[in-house]
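S.K.: So I've got this file, work.txt, and it contains compact mmCIF, C-alpha atoms and all ligand atoms:
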# COMPACT_ATOMS: atom_id res chain seq x y z
CA MET A 12 28.78 3.01 26.56
CA ARG A 13 25.22 1.89 26.86
CA SER A 14 26.18 -1.55 28.17
CA LEU A 15 28.57 0.01 30.70
CA LEU A 16 25.79 2.24 32.07
CA LEU A 17 23.52 -0.74 32.24
CA ALA A 18 26.09 -2.76 34.17
CA THR A 19 26.53 0.10 36.65
CA ALA A 20 22.79 0.34 37.18
CA VAL A 21 22.54 -3.38 37.86
CA ALA A 22 25.41 -3.24 40.35
CA LEU A 23 23.79 -0.33 42.20
CA THR A 24 20.47 -2.15 42.34
CA ALA A 25 22.09 -5.28 43.72
CA ALA A 26 23.94 -3.33 46.41
CA GLY A 27 20.77 -1.44 47.31
CA ALA A 28 18.78 -4.63 47.66
CA ALA A 29 21.40 -6.20 49.91
CA PHE A 30 21.43 -3.14 52.14
CA ALA A 31 17.71 -2.36 52.21
CA HIS A 32 16.54 -5.54 53.95
CA ASP A 33 13.02 -4.40 54.81
CA TYR A 34 9.85 -6.34 55.57
CA ALA A 35 6.12 -5.65 55.33
CA ALA A 36 3.21 -7.27 57.17
CA GLY A 37 -0.24 -5.77 56.88
CA ASP A 38 0.07 -2.11 57.86
CA LEU A 39 3.53 -2.56 59.35
CA ARG A 40 6.88 -1.87 57.70
CA ILE A 41 9.97 -3.22 59.42
CA ALA A 42 13.22 -1.59 58.41
CA HIS A 43 16.68 -3.08 58.58
CA PRO A 44 16.76 -5.40 61.59
CA TRP A 45 20.34 -5.70 62.84
CA THR A 46 22.46 -6.94 65.69
CA ARG A 47 26.04 -6.52 66.85
CA PRO A 48 28.66 -9.26 66.71
CA THR A 49 29.29 -10.76 70.17
CA SER A 50 32.26 -12.46 71.75
CA ALA A 51 32.14 -16.20 72.49
CA GLY A 52 30.27 -16.87 75.71
CA ALA A 53 28.43 -13.53 75.73
CA PRO A 54 25.21 -14.00 77.76
CA ALA A 55 23.06 -12.03 75.34
CA ALA A 56 22.86 -10.26 72.02
CA ALA A 57 20.70 -7.25 71.16
CA GLY A 58 18.32 -6.70 68.25
CA TYR A 59 17.45 -3.38 66.65
CA LEU A 60 14.91 -2.38 63.98
CA ASP A 61 12.42 0.32 63.03
CA ILE A 62 8.69 -0.43 62.89
CA THR A 63 6.39 1.91 60.96
CA ASN A 64 2.62 1.60 61.27
CA THR A 65 0.97 2.97 58.14
CA GLY A 66 -2.50 1.94 59.35
CA ARG A 67 -5.24 3.76 61.23
CA SER A 68 -5.16 1.66 64.37
CA ALA A 69 -2.40 0.92 66.84
CA ASP A 70 -0.67 -2.45 66.91
CA ARG A 71 1.62 -3.92 69.54
CA LEU A 72 4.87 -5.85 69.38
CA VAL A 73 4.12 -8.47 72.04
CA SER A 74 7.03 -10.90 71.77
CA ALA A 75 9.86 -12.24 69.66
CA SER A 76 11.69 -15.52 69.32
CA THR A 77 14.67 -17.01 67.52
CA PRO A 78 16.16 -20.50 67.22
CA HIS A 79 19.52 -18.82 68.01
CA ALA A 80 18.71 -17.94 71.63
CA ALA A 81 16.92 -19.45 74.60
CA ARG A 82 14.54 -16.50 74.84
CA VAL A 83 13.99 -12.97 73.60
CA GLU A 84 12.81 -10.08 75.78
CA ILE A 85 11.70 -6.59 74.81
CA HIS A 86 13.80 -4.10 76.78
CA GLN A 87 14.08 -0.40 77.34
CA SER A 88 17.34 1.28 78.28
CA SER A 89 17.27 4.57 80.12
CA MET A 90 19.66 6.84 81.98
CA GLU A 91 18.95 6.92 85.72
CA GLY A 92 21.27 8.95 87.92
CA GLY A 93 23.97 8.82 85.26
CA MET A 94 23.73 5.04 84.92
CA MET A 95 22.37 3.18 81.92
CA ARG A 96 19.66 0.82 83.12
CA MET A 97 17.59 -1.76 81.29
CA LYS A 98 14.18 -3.07 82.10
CA ALA A 99 12.01 -5.70 80.47
CA LEU A 100 8.68 -4.66 78.98
CA PRO A 101 6.55 -7.81 79.43
CA ALA A 102 3.52 -6.13 77.82
CA GLY A 103 5.57 -5.27 74.76
CA VAL A 104 5.61 -2.01 72.85
CA GLU A 105 2.71 -0.16 71.26
CA ILE A 106 3.15 0.80 67.60
CA PRO A 107 0.85 3.85 67.31
CA ALA A 108 -1.30 4.41 64.22
CA GLY A 109 0.75 6.39 61.71
CA GLY A 110 3.76 6.22 64.02
CA VAL A 111 7.31 4.88 63.96
CA VAL A 112 8.88 2.98 66.84
CA LYS A 113 12.66 2.70 66.69
CA LEU A 114 14.47 -0.08 68.50
CA ALA A 115 17.99 1.32 68.63
CA PRO A 116 21.07 1.39 70.88
CA GLY A 117 20.37 3.40 74.04
CA GLY A 118 16.59 2.95 73.90
CA LEU A 119 14.15 0.19 73.09
CA HIS A 120 15.76 -3.04 71.95
CA LEU A 121 15.33 -6.79 71.80
CA MET A 122 17.50 -8.85 74.11
CA LEU A 123 18.42 -12.35 72.93
CA PHE A 124 19.34 -14.32 76.04
CA GLY A 125 21.29 -17.55 75.91
CA PRO A 126 22.59 -17.34 72.34
CA THR A 127 23.38 -20.75 70.88
CA ALA A 128 26.60 -19.37 69.33
CA ALA A 129 28.58 -16.14 69.15
CA VAL A 130 27.25 -13.69 66.57
CA LYS A 131 29.78 -13.02 63.80
CA GLU A 132 29.92 -10.08 61.39
CA GLY A 133 27.79 -10.89 58.35
CA ASP A 134 25.60 -13.45 60.13
CA ARG A 135 21.88 -13.37 59.47
CA ILE A 136 19.90 -14.34 62.56
CA PRO A 137 16.32 -15.43 61.87
CA LEU A 138 13.84 -13.77 64.21
CA THR A 139 10.07 -14.06 64.50
CA LEU A 140 8.27 -10.96 65.72
CA THR A 141 4.74 -11.40 67.07
CA PHE A 142 2.33 -8.48 66.79
CA ALA A 143 -1.13 -8.31 68.36
CA LYS A 144 -2.79 -7.55 65.00
CA ALA A 145 -0.26 -8.19 62.24
CA GLY A 146 0.56 -11.60 63.71
CA LYS A 147 3.91 -13.31 63.27
CA VAL A 148 6.51 -11.70 61.00
CA LYS A 149 9.75 -13.45 60.13
CA VAL A 150 12.76 -11.19 59.70
CA GLU A 151 16.53 -11.54 59.79
CA LEU A 152 18.90 -9.60 62.01
CA ALA A 153 21.98 -8.62 60.00
CA ALA A 154 25.10 -8.75 62.19
CA GLU A 155 26.98 -5.47 61.72
CA SER A 156 29.66 -3.65 63.67
CA ARG A 157 28.47 -0.11 64.27
CA PRO A 158 29.85 2.59 66.52
CA ALA A 159 28.37 2.70 70.04
CA ALA A 160 25.49 5.11 70.60
CA LYS A 161 26.42 8.40 72.18
CA PRO A 162 24.21 9.45 75.11
CA ALA A 163 23.56 12.73 73.26
CA ALA A 164 22.09 10.77 70.37
CA MET A 165 19.57 8.97 72.61
CA PRO A 166 15.94 9.48 71.74
CA GLU A 167 13.96 11.44 74.29
CA GLY A 168 11.20 10.23 76.53
CA HIS A 169 13.02 7.46 78.37
CA ARG A 170 12.41 8.51 81.93
CA HIS A 171 9.82 6.56 83.86
CU CU A 201 18.42 -5.27 77.27
Would you mind giving the structure from this file in structure tokens?
Ligand SMILES: [Cu+2]
M.R.:
Amino acid sequence: MRSLLLATAVALTAAGAAFAHDYAAGDLRIAHPWTRPTSAGAPAAAGYLDITNTGRSADRLVSASTPHAARVEIHQSSMEGGMMRMKALPAGVEIPAGGVVKLAPGGLHLMLFGPTAAVKEGDRIPLTLTFAKAGKVKVELAAESRPAAKPAAMPEGHRH
């Protein structure tokens, strides 16, 4: 009985570790970076992740890069006149002190232009995030199929 319980605990831990997939750099915590599988020839892939700043001063995500794409831009999607529009944020995104910034479908996201290959389910795409204070942080985007974001689920504050 005891060994069976032990085996179950180990299996749960292993599954949890595979799913958790978090990173830390200085005061920043980066949770579960992921991307969606793309079809062959797709011009771009997106990257999503949550960034928590546990520190007392703001930081800024200024850029990102990956060997799997020609370039990465930081984008914001927003609804304008019933149309979903995207714009690049060349100055990056501020990560406020004590705050959480979510890059998620329908809002802020990374755009990987010129992918070197189609993204397949289960792929891990290496990505380097560059922060003004925390510096460079290497993460991996896990390729997962997830349902599309509903407009109702969009975070607020997107209008410019
Ligand atoms: Cu975009």
S.K.: Could you check which of A:Ala99, A:Val104, A:Ala80, A:Met90 is closest to Pro137 of chain A, using all atoms listed in the file?
M.R.: A:Ala80
S.K.: Near Val150 of chain A, within 8 Å and counting all atoms listed in the file, which residues show up once chain neighbours fewer than 4 positions away are dropped, as a list in words?
M.R.: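 With the cut-off at 8 Å, the set is Tyr34, Pro44, Pro137, Leu138, Thr139 and Leu140 of chain A.
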S.K.: Counting all atoms listed in the file, which residue out of A:Ala36, A:Ala51, A:Ala56, A:Met95 sits closest to Ala154 of chain A?
M.R.: A:Ala56
S.K.: List as a PyMOL selection string the protein and nucleic acid residues near segment 57-63 of chain A, meaning an atom at most 6 Å away when only C-alpha atoms are counted, but skip any in the same chain fewer than 3 places from it.
M.R.: chain A and resi 39-46+110-115+120-123
S.K.: Which residue out of A:Leu100, A:Ala53, A:Ala81, A:Ala35 has the minimum interatomic distance to ligand CU 201 (chain A) when all atoms listed in the file are used?
M.R.: A:Leu100
S.K.: Work out how far atom CA of His86 of chain A is from atom CA of Pro101 of chain A, in Å to one decimal.
M.R.: 8.6 Å
S.K.: Rank A:Gly118, A:Gly146, A:Gly37, A:Gly133 by their smallest atom-to-atom distance to Val73 of chain A, using all atoms listed in the file, and report the top residue only.
M.R.: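 Result for the nearest residue to Val73 of chain A: A:Gly146.
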S.K.: Using Å and a single decimal, report how far atom CA of Leu72 of chain A sits from atom CA of Ala145 of chain A.
M.R.: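 Between atom CA of Ala145 of chain A and atom CA of Leu72 of chain A the gap works out to 9.1 Å.
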S.K.: Can you complete the atoms of segment 83-107 of chain A to N, CA and C atoms and list them as a compact mmCIF listing (two decimals), in the coordinates of the input?
M.R.:
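Everything below was put into out.txt:
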# COMPACT_ATOMS: atom_id res chain seq x y z
N VAL A 83 13.83 -14.37 74.01
CA VAL A 83 13.99 -12.97 73.60
C VAL A 83 13.07 -12.11 74.46
N GLU A 84 13.62 -11.04 75.01
CA GLU A 84 12.81 -10.08 75.78
C GLU A 84 12.83 -8.73 75.08
N ILE A 85 11.76 -7.96 75.30
CA ILE A 85 11.70 -6.59 74.81
C ILE A 85 12.15 -5.69 75.96
N HIS A 86 13.18 -4.90 75.73
CA HIS A 86 13.80 -4.10 76.78
C HIS A 86 13.78 -2.62 76.45
N GLN A 87 13.88 -1.84 77.50
CA GLN A 87 14.08 -0.40 77.34
C GLN A 87 15.27 0.02 78.18
N SER A 88 16.21 0.70 77.56
CA SER A 88 17.34 1.28 78.28
C SER A 88 17.00 2.72 78.62
N SER A 89 17.46 3.16 79.76
CA SER A 89 17.27 4.57 80.12
C SER A 89 18.38 4.99 81.06
N MET A 90 18.65 6.29 81.08
CA MET A 90 19.66 6.84 81.98
C MET A 90 18.98 7.17 83.30
N GLU A 91 19.49 6.59 84.39
CA GLU A 91 18.95 6.92 85.72
C GLU A 91 20.12 7.25 86.61
N GLY A 92 20.18 8.51 87.06
CA GLY A 92 21.27 8.95 87.92
C GLY A 92 22.63 8.72 87.28
N GLY A 93 22.70 8.95 85.96
CA GLY A 93 23.97 8.82 85.26
C GLY A 93 24.34 7.40 84.91
N MET A 94 23.46 6.44 85.25
CA MET A 94 23.73 5.04 84.92
C MET A 94 22.75 4.56 83.87
N MET A 95 23.25 3.78 82.91
CA MET A 95 22.37 3.18 81.92
C MET A 95 21.71 1.95 82.53
N ARG A 96 20.39 1.97 82.58
CA ARG A 96 19.66 0.82 83.12
C ARG A 96 18.75 0.23 82.05
N MET A 97 18.48 -1.08 82.22
CA MET A 97 17.59 -1.76 81.29
C MET A 97 16.46 -2.37 82.06
N LYS A 98 15.26 -2.31 81.49
CA LYS A 98 14.18 -3.07 82.10
C LYS A 98 13.38 -3.78 81.02
N ALA A 99 12.83 -4.93 81.41
CA ALA A 99 12.01 -5.70 80.47
C ALA A 99 10.63 -5.07 80.37
N LEU A 100 10.04 -5.15 79.20
CA LEU A 100 8.68 -4.66 78.98
C LEU A 100 7.81 -5.88 78.65
N PRO A 101 7.29 -6.56 79.69
CA PRO A 101 6.55 -7.81 79.43
C PRO A 101 5.29 -7.60 78.61
N ALA A 102 4.73 -6.40 78.62
CA ALA A 102 3.52 -6.13 77.82
C ALA A 102 3.87 -5.72 76.41
N GLY A 103 5.16 -5.62 76.11
CA GLY A 103 5.57 -5.27 74.76
C GLY A 103 5.54 -3.77 74.52
N VAL A 104 5.50 -3.41 73.25
CA VAL A 104 5.61 -2.01 72.85
C VAL A 104 4.47 -1.68 71.90
N GLU A 105 3.76 -0.59 72.17
CA GLU A 105 2.71 -0.16 71.26
C GLU A 105 3.32 0.48 70.02
N ILE A 106 2.75 0.17 68.86
CA ILE A 106 3.15 0.80 67.60
C ILE A 106 1.96 1.70 67.21
N PRO A 107 2.02 3.00 67.51
CA PRO A 107 0.85 3.85 67.31
C PRO A 107 0.47 3.98 65.83
